[in-house]
file query02.cif (mmCIF, C-alpha atoms and all ligand atoms)
data_model
#
loop_
_atom_site.label_atom_id
_atom_site.label_comp_id
_atom_site.auth_asym_id
_atom_site.auth_seq_id
_atom_site.Cartn_x
_atom_site.Cartn_y
_atom_site.Cartn_z
CA MET A 1 197.19 102.76 59.24
CA ALA A 2 195.49 101.23 62.26
CA ALA A 3 191.71 101.50 62.29
CA LYS A 4 190.35 104.16 64.56
CA LYS A 5 188.81 102.65 67.65
CA THR A 6 185.09 103.24 67.95
CA LYS A 7 182.96 102.57 70.98
CA GLN A 8 181.80 99.02 70.62
CA ILE A 9 178.11 98.23 70.68
CA ASP A 10 177.31 94.73 71.82
CA PRO A 11 174.37 93.63 69.58
CA GLU A 12 173.91 90.37 71.47
CA LYS A 13 173.52 92.28 74.71
CA VAL A 14 170.95 94.59 73.09
CA LEU A 15 168.95 91.57 71.95
CA LYS A 16 169.18 89.88 75.35
CA THR A 17 168.11 93.07 77.09
CA ILE A 18 165.05 93.30 74.87
CA GLU A 19 164.13 89.64 75.26
CA GLU A 20 164.37 89.83 79.03
CA GLN A 21 161.64 92.46 79.06
CA PHE A 22 159.08 90.06 77.60
CA GLU A 23 157.88 88.11 80.60
CA MET A 24 154.60 86.26 80.36
CA PHE A 25 151.75 88.16 81.98
CA GLN A 26 149.57 85.89 84.13
CA ILE A 27 146.88 86.50 86.74
CA LEU A 28 145.45 83.00 87.31
CA ASN A 29 147.72 80.00 87.61
CA GLU A 30 146.75 76.48 86.51
CA GLU A 31 145.00 75.92 89.83
CA GLY A 32 142.79 78.96 89.30
CA GLU A 33 144.64 80.87 92.04
CA VAL A 34 145.33 84.58 91.71
CA VAL A 35 149.09 85.05 91.43
CA ASN A 36 149.04 88.71 90.46
CA PRO A 37 146.47 90.42 92.71
CA ASP A 38 147.26 93.98 91.61
CA ALA A 39 146.36 93.13 88.01
CA VAL A 40 142.96 91.49 88.63
CA PRO A 41 140.56 93.29 86.27
CA ASP A 42 137.57 95.14 87.53
CA LEU A 43 134.83 92.71 86.42
CA THR A 44 131.54 92.27 88.28
CA ASP A 45 130.34 88.78 89.27
CA GLU A 46 127.74 88.97 86.49
CA GLU A 47 130.43 89.78 83.93
CA LEU A 48 132.61 86.92 85.17
CA VAL A 49 129.64 84.55 84.88
CA GLU A 50 128.94 85.83 81.36
CA LEU A 51 132.56 85.26 80.30
CA MET A 52 132.62 81.75 81.78
CA SER A 53 129.27 80.99 80.08
CA ARG A 54 130.65 82.09 76.70
CA MET A 55 133.72 79.90 77.16
CA VAL A 56 131.64 76.84 78.07
CA TYR A 57 129.19 77.54 75.22
CA THR A 58 132.06 77.83 72.75
CA ARG A 59 133.57 74.50 73.87
CA ILE A 60 130.21 72.87 73.15
CA LEU A 61 130.01 74.67 69.81
CA ASP A 62 133.44 73.26 68.98
CA GLN A 63 132.41 69.70 69.90
CA ARG A 64 129.17 69.96 67.94
CA SER A 65 130.92 71.51 64.92
CA ILE A 66 133.41 68.65 64.86
CA SER A 67 130.67 66.05 64.86
CA LEU A 68 128.57 67.94 62.30
CA ASN A 69 131.66 68.06 60.11
CA ARG A 70 132.16 64.30 60.51
CA GLN A 71 128.53 63.76 59.48
CA GLY A 72 129.18 65.79 56.33
CA ARG A 73 126.88 68.59 57.52
CA LEU A 74 129.60 71.27 57.81
CA GLY A 75 132.41 72.13 55.42
CA PHE A 76 135.63 73.81 56.46
CA TYR A 77 136.13 73.81 60.22
CA ALA A 78 139.15 74.79 62.37
CA PRO A 79 138.77 73.54 65.97
CA THR A 80 138.96 76.05 68.82
CA ALA A 81 139.16 74.00 72.05
CA GLY A 82 142.06 75.24 74.19
CA GLN A 83 141.90 78.74 72.74
CA GLU A 84 138.73 79.94 74.52
CA ALA A 85 140.53 82.31 76.91
CA SER A 86 142.59 83.75 74.11
CA GLN A 87 139.56 84.23 71.87
CA LEU A 88 136.67 85.04 74.19
CA ALA A 89 138.39 86.95 77.00
CA SER A 90 140.03 89.21 74.41
CA HIS A 91 136.67 89.74 72.73
CA PHE A 92 135.07 90.41 76.12
CA ALA A 93 137.22 93.55 76.46
CA LEU A 94 135.87 95.01 73.20
CA GLU A 95 132.87 97.18 72.44
CA LYS A 96 130.21 96.76 69.76
CA GLU A 97 131.62 99.61 67.67
CA ASP A 98 135.01 97.88 67.40
CA PHE A 99 135.82 96.04 64.17
CA ILE A 100 137.00 92.44 64.18
CA LEU A 101 139.11 90.99 61.38
CA PRO A 102 139.27 87.28 62.12
CA GLY A 103 141.30 84.39 60.80
CA TYR A 104 139.52 81.15 59.92
CA ARG A 105 139.79 79.85 63.53
CA ASP A 106 138.22 82.98 64.99
CA VAL A 107 134.57 82.25 64.28
CA PRO A 108 133.63 82.38 68.03
CA GLN A 109 134.68 86.02 68.37
CA ILE A 110 132.58 87.12 65.39
CA VAL A 111 129.59 85.11 66.56
CA TRP A 112 129.77 86.81 69.98
CA HIS A 113 130.17 90.12 68.16
CA GLY A 114 126.82 89.59 66.44
CA LEU A 115 127.16 87.28 63.41
CA PRO A 116 124.20 84.87 63.68
CA LEU A 117 125.36 81.30 64.27
CA TRP A 118 123.37 79.91 61.33
CA GLN A 119 125.37 82.23 59.07
CA ALA A 120 128.63 81.04 60.61
CA PHE A 121 127.56 77.51 59.66
CA LEU A 122 126.91 78.70 56.11
CA PHE A 123 130.40 80.24 56.03
CA SER A 124 131.72 76.80 56.91
CA ARG A 125 129.80 75.37 53.95
CA GLY A 126 131.25 77.99 51.59
CA HIS A 127 127.80 79.52 51.10
CA PHE A 128 127.85 83.22 50.20
CA VAL A 129 125.10 84.05 52.72
CA GLY A 130 127.63 83.15 55.44
CA ASN A 131 129.64 86.20 54.44
CA GLN A 132 126.72 88.62 54.20
CA ILE A 133 127.37 90.37 57.47
CA PRO A 134 124.28 92.04 58.94
CA GLU A 135 124.23 95.84 59.06
CA GLY A 136 125.72 97.12 62.31
CA VAL A 137 127.80 94.01 63.01
CA ASN A 138 131.37 95.22 62.69
CA VAL A 139 133.12 92.09 61.49
CA LEU A 140 134.81 91.01 58.30
CA PRO A 141 134.52 87.46 56.97
CA PRO A 142 137.20 85.07 58.33
CA GLN A 143 140.44 85.40 56.37
CA ILE A 144 141.92 82.27 54.82
CA ILE A 145 145.08 83.88 53.42
CA ILE A 146 147.49 83.69 56.34
CA GLY A 147 148.34 87.12 57.75
CA ALA A 148 146.41 89.17 55.15
CA GLN A 149 144.00 90.41 57.82
CA TYR A 150 146.87 92.31 59.50
CA ILE A 151 147.16 94.75 56.61
CA GLN A 152 143.40 95.03 56.31
CA ALA A 153 143.14 95.75 60.06
CA THR A 154 145.60 98.60 59.70
CA GLY A 155 143.46 100.00 56.88
CA VAL A 156 140.27 99.68 58.93
CA ALA A 157 142.02 101.31 61.92
CA LEU A 158 143.17 104.16 59.68
CA GLY A 159 139.53 104.63 58.61
CA ILE A 160 138.42 104.71 62.26
CA GLN A 161 141.12 107.29 62.99
CA LYS A 162 140.02 109.48 60.08
CA ARG A 163 136.37 109.31 61.14
CA GLY A 164 137.39 110.20 64.68
CA THR A 165 135.26 107.47 66.27
CA LYS A 166 136.21 105.88 69.57
CA ALA A 167 136.79 102.35 68.36
CA VAL A 168 139.55 99.90 67.51
CA ALA A 169 140.25 97.43 64.73
CA VAL A 170 141.15 94.05 66.22
CA THR A 171 142.72 91.22 64.29
CA TYR A 172 143.92 87.70 65.01
CA THR A 173 146.48 85.46 63.39
CA GLY A 174 148.51 82.46 64.54
CA ASP A 175 152.22 81.94 65.25
CA GLY A 176 152.58 80.84 61.62
CA GLY A 177 150.97 84.08 60.50
CA SER A 178 153.73 86.04 62.22
CA SER A 179 156.17 84.73 59.60
CA GLN A 180 154.27 86.37 56.75
CA GLY A 181 155.30 89.66 55.17
CA ASP A 182 151.78 90.98 55.75
CA PHE A 183 152.33 90.67 59.50
CA TYR A 184 155.33 93.02 59.43
CA GLU A 185 153.77 95.44 56.96
CA GLY A 186 150.60 95.59 59.01
CA ILE A 187 152.21 96.36 62.37
CA ASN A 188 154.80 98.68 60.87
CA PHE A 189 152.28 100.79 58.99
CA ALA A 190 149.97 100.81 62.04
CA GLY A 191 152.84 102.12 64.16
CA ALA A 192 153.85 104.73 61.59
CA PHE A 193 150.29 106.12 61.47
CA ASN A 194 149.61 105.54 65.17
CA VAL A 195 146.27 103.91 64.35
CA PRO A 196 143.84 102.37 66.88
CA ALA A 197 144.51 98.66 66.28
CA ILE A 198 145.12 95.56 68.36
CA PHE A 199 147.04 92.74 66.70
CA PHE A 200 146.73 89.31 68.27
CA VAL A 201 149.04 86.41 67.61
CA GLN A 202 147.47 83.32 69.08
CA ASN A 203 150.58 81.27 69.54
CA ASN A 204 149.07 77.78 69.73
CA GLN A 205 152.55 76.28 69.16
CA TYR A 206 152.01 74.93 65.65
CA ALA A 207 151.29 76.18 62.16
CA ILE A 208 149.60 72.97 61.03
CA SER A 209 152.53 70.64 61.83
CA THR A 210 155.36 73.21 61.92
CA PRO A 211 156.42 73.96 65.50
CA ARG A 212 156.73 77.54 66.69
CA GLU A 213 160.53 77.11 67.08
CA LEU A 214 160.89 76.81 63.31
CA GLN A 215 158.98 80.04 62.62
CA THR A 216 161.57 82.40 64.05
CA SER A 217 164.72 82.53 66.15
CA ALA A 218 163.17 85.34 68.20
CA LYS A 219 162.50 84.18 71.75
CA THR A 220 159.00 85.64 71.68
CA ILE A 221 156.70 86.85 68.93
CA ALA A 222 155.58 89.77 71.13
CA GLN A 223 159.06 91.32 70.89
CA LYS A 224 158.57 91.84 67.16
CA ALA A 225 156.55 94.89 68.19
CA VAL A 226 159.82 96.60 69.17
CA ALA A 227 160.99 96.88 65.57
CA ALA A 228 157.66 98.46 64.61
CA GLY A 229 158.00 100.93 67.48
CA ILE A 230 154.77 99.80 69.16
CA PRO A 231 154.02 98.15 72.52
CA GLY A 232 154.18 94.36 72.57
CA VAL A 233 152.72 92.17 75.30
CA LEU A 234 153.25 88.50 76.08
CA VAL A 235 150.25 86.94 77.79
CA ASP A 236 149.28 83.54 79.16
CA GLY A 237 146.62 82.75 76.58
CA MET A 238 145.07 80.02 78.76
CA ASP A 239 144.33 82.60 81.48
CA PRO A 240 141.10 84.52 80.76
CA LEU A 241 141.76 87.25 83.32
CA ALA A 242 145.22 88.04 81.95
CA VAL A 243 143.99 88.08 78.34
CA TYR A 244 141.07 90.33 79.29
CA ALA A 245 143.27 92.76 81.25
CA ALA A 246 145.89 93.00 78.50
CA THR A 247 143.23 93.61 75.84
CA LYS A 248 141.38 96.18 77.91
CA ASP A 249 144.62 98.03 78.46
CA ALA A 250 145.50 97.95 74.74
CA ARG A 251 142.02 99.17 73.84
CA GLU A 252 142.21 102.06 76.30
CA ARG A 253 145.54 103.07 74.81
CA ALA A 254 144.24 102.84 71.25
CA VAL A 255 141.02 104.82 71.71
CA ASN A 256 142.93 107.53 73.56
CA GLY A 257 145.37 108.12 70.74
CA GLY A 258 148.12 105.84 72.06
CA GLY A 259 148.32 103.74 68.89
CA PRO A 260 148.45 99.99 68.22
CA THR A 261 149.54 97.06 70.38
CA LEU A 262 150.76 93.60 69.48
CA ILE A 263 149.61 90.88 71.90
CA GLU A 264 150.99 87.34 71.81
CA THR A 265 148.79 84.85 73.65
CA ILE A 266 150.53 81.61 74.55
CA CYS A 267 148.00 78.82 74.08
CA TYR A 268 147.38 75.40 72.56
CA ARG A 269 144.78 73.89 70.29
CA PHE A 270 143.67 70.59 71.72
CA GLY A 271 142.28 69.31 68.42
CA PRO A 272 143.70 69.00 64.91
CA HIS A 273 144.57 72.02 62.77
CA THR A 274 141.36 71.63 60.74
CA MET A 275 138.92 68.82 60.05
CA ALA A 276 140.44 68.36 56.60
CA GLY A 277 142.62 65.47 57.69
CA ASP A 278 145.81 66.42 59.59
CA ASP A 279 146.74 63.98 62.33
CA PRO A 280 148.28 65.78 65.34
CA THR A 281 149.72 62.52 66.72
CA ARG A 282 152.25 62.70 63.86
CA TYR A 283 153.73 65.96 65.09
CA ARG A 284 152.85 66.16 68.81
CA THR A 285 153.42 63.68 71.62
CA SER A 286 150.74 62.67 74.09
CA ASP A 287 153.03 63.99 76.87
CA THR A 288 152.91 67.47 75.33
CA ASP A 289 149.14 67.20 75.02
CA SER A 290 148.78 66.23 78.69
CA GLU A 291 151.05 69.08 79.82
CA TRP A 292 148.79 71.56 78.02
CA GLU A 293 145.57 69.90 79.16
CA LYS A 294 146.60 70.84 82.70
CA LYS A 295 146.46 74.47 81.60
CA ASP A 296 142.93 74.18 80.12
CA PRO A 297 141.37 77.66 80.36
CA LEU A 298 137.95 76.25 81.25
CA VAL A 299 139.27 74.14 84.13
CA ARG A 300 141.31 77.04 85.49
CA PHE A 301 138.50 79.56 85.27
CA ARG A 302 135.97 77.10 86.70
CA LYS A 303 138.18 76.62 89.77
CA TYR A 304 138.48 80.38 90.20
CA MET A 305 134.74 80.95 89.77
CA GLU A 306 133.79 78.09 92.11
CA GLY A 307 136.22 79.49 94.67
CA LYS A 308 134.34 82.78 94.52
CA GLY A 309 131.03 80.93 94.91
CA ILE A 310 129.65 82.20 91.61
CA TRP A 311 129.75 79.03 89.49
CA ASN A 312 128.59 75.47 89.96
CA GLU A 313 127.70 72.33 88.03
CA GLU A 314 124.05 73.34 87.71
CA LYS A 315 124.95 76.66 86.06
CA GLU A 316 127.36 74.93 83.73
CA ASN A 317 124.74 72.35 82.72
CA GLU A 318 122.27 75.12 81.97
CA VAL A 319 124.77 76.72 79.58
CA ILE A 320 125.52 73.35 77.96
CA GLU A 321 121.82 72.64 77.38
CA ARG A 322 121.20 76.15 76.00
CA ALA A 323 124.19 75.82 73.66
CA LYS A 324 122.99 72.45 72.33
CA GLU A 325 119.49 73.77 71.74
CA GLU A 326 120.65 76.94 69.96
CA ILE A 327 123.14 75.03 67.83
CA LYS A 328 120.36 72.65 66.77
CA GLU A 329 118.16 75.58 65.75
CA ALA A 330 121.02 77.31 63.92
CA ILE A 331 121.91 74.26 61.86
CA LYS A 332 118.21 73.83 60.98
CA LYS A 333 118.13 77.41 59.75
CA ALA A 334 121.33 76.88 57.75
CA ASP A 335 119.78 73.74 56.21
CA ALA A 336 116.66 75.70 55.27
CA THR A 337 118.67 78.28 53.32
CA PRO A 338 118.27 77.75 49.57
CA LYS A 339 121.34 76.18 47.92
CA GLN A 340 123.55 78.76 46.30
CA LYS A 341 123.36 79.01 42.55
CA VAL A 342 125.90 80.15 40.00
CA THR A 343 123.63 83.13 39.26
CA ASP A 344 123.80 84.13 42.96
CA LEU A 345 127.58 84.32 42.73
CA ILE A 346 127.39 86.50 39.62
CA ASN A 347 124.64 88.71 41.01
CA ILE A 348 126.33 89.52 44.35
CA MET A 349 129.65 90.49 42.76
CA HIS A 350 128.67 93.77 41.11
CA GLU A 351 126.52 96.57 42.48
CA SER A 352 126.49 98.42 39.17
CA GLU A 353 126.04 97.00 35.68
CA LEU A 354 127.62 93.65 34.94
CA PRO A 355 130.54 93.42 32.50
CA LEU A 356 129.62 91.88 29.15
CA ASN A 357 131.16 88.46 29.77
CA LEU A 358 129.30 88.10 33.09
CA LYS A 359 126.07 89.23 31.46
CA GLU A 360 126.45 86.39 28.96
CA GLN A 361 127.20 83.90 31.73
CA LEU A 362 124.25 85.14 33.74
CA GLU A 363 121.95 84.46 30.79
CA ILE A 364 123.40 80.98 30.24
CA TYR A 365 123.08 80.02 33.91
CA THR A 366 119.65 81.60 34.35
CA ALA A 367 118.46 79.39 31.52
CA LYS A 368 120.15 76.28 32.98
CA GLU A 369 118.80 76.88 36.45
CA SER A 370 115.25 77.37 35.25
CA LYS A 371 115.14 73.86 33.76
C1 LIG B 401 149.39 82.84 52.37
C2 LIG B 401 149.05 81.43 52.78
N1 LIG B 401 150.01 80.49 52.80
C3 LIG B 401 149.73 79.22 53.18
C4 LIG B 401 148.45 78.87 53.54
C5 LIG B 401 148.13 77.44 53.96
N2 LIG B 401 147.93 77.39 55.42
C6 LIG B 401 146.69 77.28 55.93
S1 LIG B 401 146.70 77.27 57.61
C7 LIG B 401 148.39 77.42 57.67
C8 LIG B 401 149.10 77.48 59.00
C9 LIG B 401 148.77 78.68 59.81
O1 LIG B 401 149.24 78.55 61.11
P1 LIG B 401 149.08 79.66 62.21
O2 LIG B 401 149.23 81.01 61.61
O3 LIG B 401 149.97 79.31 63.34
O4 LIG B 401 147.54 79.55 62.66
P2 LIG B 401 146.72 78.38 63.34
O5 LIG B 401 146.08 77.60 62.23
O6 LIG B 401 147.64 77.58 64.18
O7 LIG B 401 145.65 79.06 64.15
C10 LIG B 401 148.92 77.45 56.39
C11 LIG B 401 150.35 77.55 56.10
C12 LIG B 401 147.46 79.88 53.48
N3 LIG B 401 146.20 79.65 53.85
N4 LIG B 401 147.79 81.15 53.14
#
call {"tool": "encode", "arguments": {"input": "query02.cif", "output": "structure tokens", "more": "lines below"}}
Ligand SMILES: Cc1ncc(C[n+]2csc(CCOP(=O)(O)OP(=O)(O)O)c2C)c(N)n1
result
Amino acid sequence: MAAKKTKQIDPEKVLKTIEEQFEMFQILNEEGEVVNPDAVPDLTDEELVELMSRMVYTRILDQRSISLNRQGRLGFYAPTAGQEASQLASHFALEKEDFILPGYRDVPQIVWHGLPLWQAFLFSRGHFVGNQIPEGVNVLPPQIIIGAQYIQATGVALGIQKRGTKAVAVTYTGDGGSSQGDFYEGINFAGAFNVPAIFFVQNNQYAISTPRELQTSAKTIAQKAVAAGIPGVLVDGMDPLAVYAATKDARERAVNGGGPTLIETICYRFGPHTMAGDDPTRYRTSDTDSEWEKKDPLVRFRKYMEGKGIWNEEKENEVIERAKEEIKEAIKKADATPKQKVTDLINIMHESELPLNLKEQLEIYTAKESK
């Protein structure tokens, strides 16, 4: 018997239709010109100056951190140059009561959210004081397990929802992180419970040496939001105004009961993956580097700000000098922190009574350390 004819669905057409919706949102082009006037966010000149100052400061922090690492004065460090718009303009759209769940490269956001810089340096050294977040600073320590912070962010957002506070949980991972199971579980659960969360994928083109093209055959990472039933946005991550506007919009939606958003920021890290020894020249060409250097978020924003008459070399130098001074003080304070001891690690683990085996170890190490 001949098969009954059913109406044919064209899955390829469905996919294409979805992909076509994900155009990259941009406000400032590479020349710092406004290409999307209706979308320019409502920021005062003072706020624009503050955002530019933070971006310049963070570039200096990156340069200083790299050289401190080379001198053996910092431990783990993941460079941030190139990602300032993605990191700082997104953070600029947040409020103090929002919670940030960073990845290891997202130290700038948590510092601007209130983690003292000297503690960030201690985090880099693997010192436990680096992870003792001051009361009232709503950040979690940087996550090393790729993608794990997505599930935790959903949990934090669920907590915010249950408390009924007007805040969001904001988390960041990379393009590589979007291949992890935790990524899908996090956004799916967040969608199912309609929690106030913003999920960032900073697509800096590489997961260490693995190019974005090998992570997924999806044309964009933002479109993965569709399967979770939540809004997804594709943003030029080298454009501070676009990143700010997209984040502000997602935050508004979240605090007003509209649920989570996935935001993919297209960006590039100018430096190596970390200071632990990868050599980007083995997986990227200098032509690719130069193409992305033209998109540098600092250059683009500087042009825009100078065009408005609210930024100049003198202002920039002031920020650079202030950054250098504060970094010097912060590293001094980190140096002055007593070295961590084995007994510290045991003592900070348990609030209540220690289990027997740890009690024994505590005695052994207390004796050793007192010698
Ligand atoms: C679960 C897990 N698998 C593997 C690693 C090792 N690892 C460290 S960084 C990294 C690449 C992450 O790339 P991406 O998510 O794109 O972030 P980026 O470093 O580019 O910001 C990997 C695989 C890890 N830390 N955790």
call {"tool": "axis_aligned_box", "arguments": {"input": "query02.cif", "around": "range 12-25 of chain A", "padding_each_side": "3 Å", "output": "JSON"}}
result
{"center_x": 162.8, "center_y": 90.4, "center_z": 76.7, "size_x": 28.2, "size_y": 14.3, "size_z": 16.5}
call {"tool": "residues_near_ligand", "arguments": {"input": "query02.cif", "ligand": "ligand LIG 401 (chain B)", "cutoff": "7 Å", "atoms": "only C-alpha atoms and all ligand atoms", "output": "list of chain:residue names"}}
result
A:Arg105, A:Ile144, A:Ile145, A:Ile146, A:Gly147, A:Thr173, A:Gly174, A:Asp175, A:Gly176, A:Gly177, A:Ser178, A:Gln202, A:Asn203, A:Asn204, A:Tyr206, A:Ala207, A:Ile208, A:His273
call {"tool": "residues_around", "arguments": {"input": "query02.cif", "residues": "Val111 in chain A", "least_positions_apart": "5", "cutoff": "10 Å", "atoms": "all atoms listed in the file", "output": "PyMOL selection string"}}
result
chain A and resi 58+106+116-120+137+139
call {"tool": "residues_around", "arguments": {"input": "query02.cif", "residues": "range 239-248 of chain A", "least_positions_apart": "2", "cutoff": "10 Å", "atoms": "only C-alpha atoms", "output": "number ranges by chain"}}
result
A: 24-30, 32, 34, 36, 39-43, 48, 51-52, 55, 83-94, 170, 198-200, 233-237, 250-254, 261-267, 295-298, 300-301
call {"tool": "residues_around", "arguments": {"input": "query02.cif", "residues": "Ser65 in chain A", "least_positions_apart": "5", "cutoff": "12 Å", "atoms": "all atoms listed in the file", "output": "short mmCIF file (atom, residue, chain, number, x, y, z; two decimals) with C-alpha atoms, in the coordinates of the input"}}
result
data_model
loop_
_atom_site.label_atom_id
_atom_site.label_comp_id
_atom_site.auth_asym_id
_atom_site.auth_seq_id
_atom_site.Cartn_x
_atom_site.Cartn_y
_atom_site.Cartn_z
CA THR A 58 132.06 77.83 72.75
CA ARG A 59 133.57 74.50 73.87
CA ILE A 60 130.21 72.87 73.15
CA ARG A 70 132.16 64.30 60.51
CA GLN A 71 128.53 63.76 59.48
CA GLY A 72 129.18 65.79 56.33
CA ARG A 73 126.88 68.59 57.52
CA LEU A 74 129.60 71.27 57.81
CA GLY A 75 132.41 72.13 55.42
CA PHE A 76 135.63 73.81 56.46
CA TYR A 77 136.13 73.81 60.22
CA ALA A 78 139.15 74.79 62.37
CA PRO A 79 138.77 73.54 65.97
CA THR A 80 138.96 76.05 68.82
CA ALA A 81 139.16 74.00 72.05
CA VAL A 107 134.57 82.25 64.28
CA PRO A 108 133.63 82.38 68.03
CA LEU A 117 125.36 81.30 64.27
CA TRP A 118 123.37 79.91 61.33
CA ALA A 120 128.63 81.04 60.61
CA PHE A 121 127.56 77.51 59.66
CA SER A 124 131.72 76.80 56.91
CA ARG A 125 129.80 75.37 53.95
CA THR A 274 141.36 71.63 60.74
CA MET A 275 138.92 68.82 60.05
CA ALA A 323 124.19 75.82 73.66
CA LYS A 324 122.99 72.45 72.33
CA ILE A 327 123.14 75.03 67.83
CA LYS A 328 120.36 72.65 66.77
CA ALA A 330 121.02 77.31 63.92
CA ILE A 331 121.91 74.26 61.86
#
call {"tool": "closest_residue", "arguments": {"input": "query02.cif", "among": "A:Ser286, A:Asn312, A:Gly277, A:Lys294", "to": "Asn69 in chain A", "atoms": "all atoms listed in the file"}}
result
A:Gly277
call {"tool": "closest_residue", "arguments": {"input": "query02.cif", "among": "A:Ile100, A:Val319, A:Val195, A:Ala190", "to": "Gly258 in chain A", "atoms": "all atoms listed in the file"}}
result
A:Val195
call {"tool": "atom_distance", "arguments": {"input": "query02.cif", "atom1": "CA of Thr210 in chain A", "atom2": "CA of Arg284 in chain A"}}
result
10.2 Å
call {"tool": "atom_distance", "arguments": {"input": "query02.cif", "atom1": "CA of Ile320 in chain A", "atom2": "CA of Ser53 in chain A"}}
result
8.8 Å
call {"tool": "atom_distance", "arguments": {"input": "query02.cif", "atom1": "CA of Glu19 in chain A", "atom2": "CA of Ala218 in chain A"}}
result
8.3 Å
call {"tool": "residues_around", "arguments": {"input": "query02.cif", "residues": "range 151-167 of chain A", "least_positions_apart": "5", "cutoff": "9 Å", "atoms": "all atoms listed in the file", "output": "PDB file with C-alpha atoms, in the frame of the given file"}}
result
ATOM      1  CA  LEU A  94     135.870  95.010  73.200  1.00  0.00           C
ATOM      2  CA  GLU A  95     132.870  97.180  72.440  1.00  0.00           C
ATOM      3  CA  LYS A  96     130.210  96.760  69.760  1.00  0.00           C
ATOM      4  CA  GLU A  97     131.620  99.610  67.670  1.00  0.00           C
ATOM      5  CA  ASP A  98     135.010  97.880  67.400  1.00  0.00           C
ATOM      6  CA  PHE A  99     135.820  96.040  64.170  1.00  0.00           C
ATOM      7  CA  ILE A 100     137.000  92.440  64.180  1.00  0.00           C
ATOM      8  CA  LEU A 101     139.110  90.990  61.380  1.00  0.00           C
ATOM      9  CA  ASP A 182     151.780  90.980  55.750  1.00  0.00           C
ATOM     10  CA  PHE A 183     152.330  90.670  59.500  1.00  0.00           C
ATOM     11  CA  TYR A 184     155.330  93.020  59.430  1.00  0.00           C
ATOM     12  CA  GLU A 185     153.770  95.440  56.960  1.00  0.00           C
ATOM     13  CA  GLY A 186     150.600  95.590  59.010  1.00  0.00           C
ATOM     14  CA  ILE A 187     152.210  96.360  62.370  1.00  0.00           C
ATOM     15  CA  PHE A 189     152.280 100.790  58.990  1.00  0.00           C
ATOM     16  CA  ALA A 190     149.970 100.810  62.040  1.00  0.00           C
ATOM     17  CA  PHE A 193     150.290 106.120  61.470  1.00  0.00           C
ATOM     18  CA  ASN A 194     149.610 105.540  65.170  1.00  0.00           C
ATOM     19  CA  VAL A 195     146.270 103.910  64.350  1.00  0.00           C
ATOM     20  CA  PRO A 196     143.840 102.370  66.880  1.00  0.00           C
ATOM     21  CA  ALA A 197     144.510  98.660  66.280  1.00  0.00           C
ATOM     22  CA  ILE A 198     145.120  95.560  68.360  1.00  0.00           C
ATOM     23  CA  PHE A 199     147.040  92.740  66.700  1.00  0.00           C
ATOM     24  CA  ARG A 251     142.020  99.170  73.840  1.00  0.00           C
ATOM     25  CA  ALA A 254     144.240 102.840  71.250  1.00  0.00           C
ATOM     26  CA  VAL A 255     141.020 104.820  71.710  1.00  0.00           C
ATOM     27  CA  ASN A 256     142.930 107.530  73.560  1.00  0.00           C
ATOM     28  CA  GLY A 257     145.370 108.120  70.740  1.00  0.00           C
TER      29      GLY A 257
END
call {"tool": "closest_residue", "arguments": {"input": "query02.cif", "among": "A:Gln149, A:Leu115, A:Ala227, A:Glu47", "to": "Pro134 in chain A", "atoms": "only C-alpha atoms"}}
result
A:Leu115
call {"tool": "residues_around", "arguments": {"input": "query02.cif", "residues": "Leu358 in chain A", "least_positions_apart": "3", "cutoff": "12 Å", "atoms": "all atoms listed in the file", "output": "MDAnalysis selection string"}}
result
chainID A and resid 342:350 353:355 361:366
call {"tool": "closest_residue", "arguments": {"input": "query02.cif", "among": "A:Glu314, A:Asp249, A:Arg269, A:Ala222", "to": "Phe22 in chain A", "atoms": "only C-alpha atoms"}}
result
A:Ala222
call {"tool": "decode", "arguments": {"input": "query02.cif", "residues": "range 260-281 of chain A", "atoms": "C-alpha atoms", "output": "PDB file, in the first residue's frame"}}
result
ATOM      1  CA  PRO A 260      16.580  35.038  31.001  1.00  0.00           C
ATOM      2  CA  THR A 261      18.509  36.130  27.912  1.00  0.00           C
ATOM      3  CA  LEU A 262      21.489  34.618  26.152  1.00  0.00           C
ATOM      4  CA  ILE A 263      23.896  37.201  24.692  1.00  0.00           C
ATOM      5  CA  GLU A 264      26.737  36.265  22.351  1.00  0.00           C
ATOM      6  CA  THR A 265      29.384  38.970  22.088  1.00  0.00           C
ATOM      7  CA  ILE A 266      31.641  38.657  19.064  1.00  0.00           C
ATOM      8  CA  CYS A 267      35.132  39.640  20.163  1.00  0.00           C
ATOM      9  CA  TYR A 268      38.798  38.673  20.137  1.00  0.00           C
ATOM     10  CA  ARG A 269      41.486  38.250  22.738  1.00  0.00           C
ATOM     11  CA  PHE A 270      44.617  39.989  21.559  1.00  0.00           C
ATOM     12  CA  GLY A 271      46.910  38.034  23.885  1.00  0.00           C
ATOM     13  CA  PRO A 272      47.440  34.335  24.567  1.00  0.00           C
ATOM     14  CA  HIS A 273      44.786  32.146  26.197  1.00  0.00           C
ATOM     15  CA  THR A 274      46.598  32.293  29.551  1.00  0.00           C
ATOM     16  CA  MET A 275      50.130  33.057  30.700  1.00  0.00           C
ATOM     17  CA  ALA A 276      50.744  29.341  31.217  1.00  0.00           C
ATOM     18  CA  GLY A 277      52.488  28.934  27.881  1.00  0.00           C
ATOM     19  CA  ASP A 278      50.201  28.702  24.823  1.00  0.00           C
ATOM     20  CA  ASP A 279      51.605  30.372  21.736  1.00  0.00           C
ATOM     21  CA  PRO A 280      48.841  32.012  19.651  1.00  0.00           C
ATOM     22  CA  THR A 281      51.110  32.253  16.588  1.00  0.00           C
TER      23      THR A 281
END
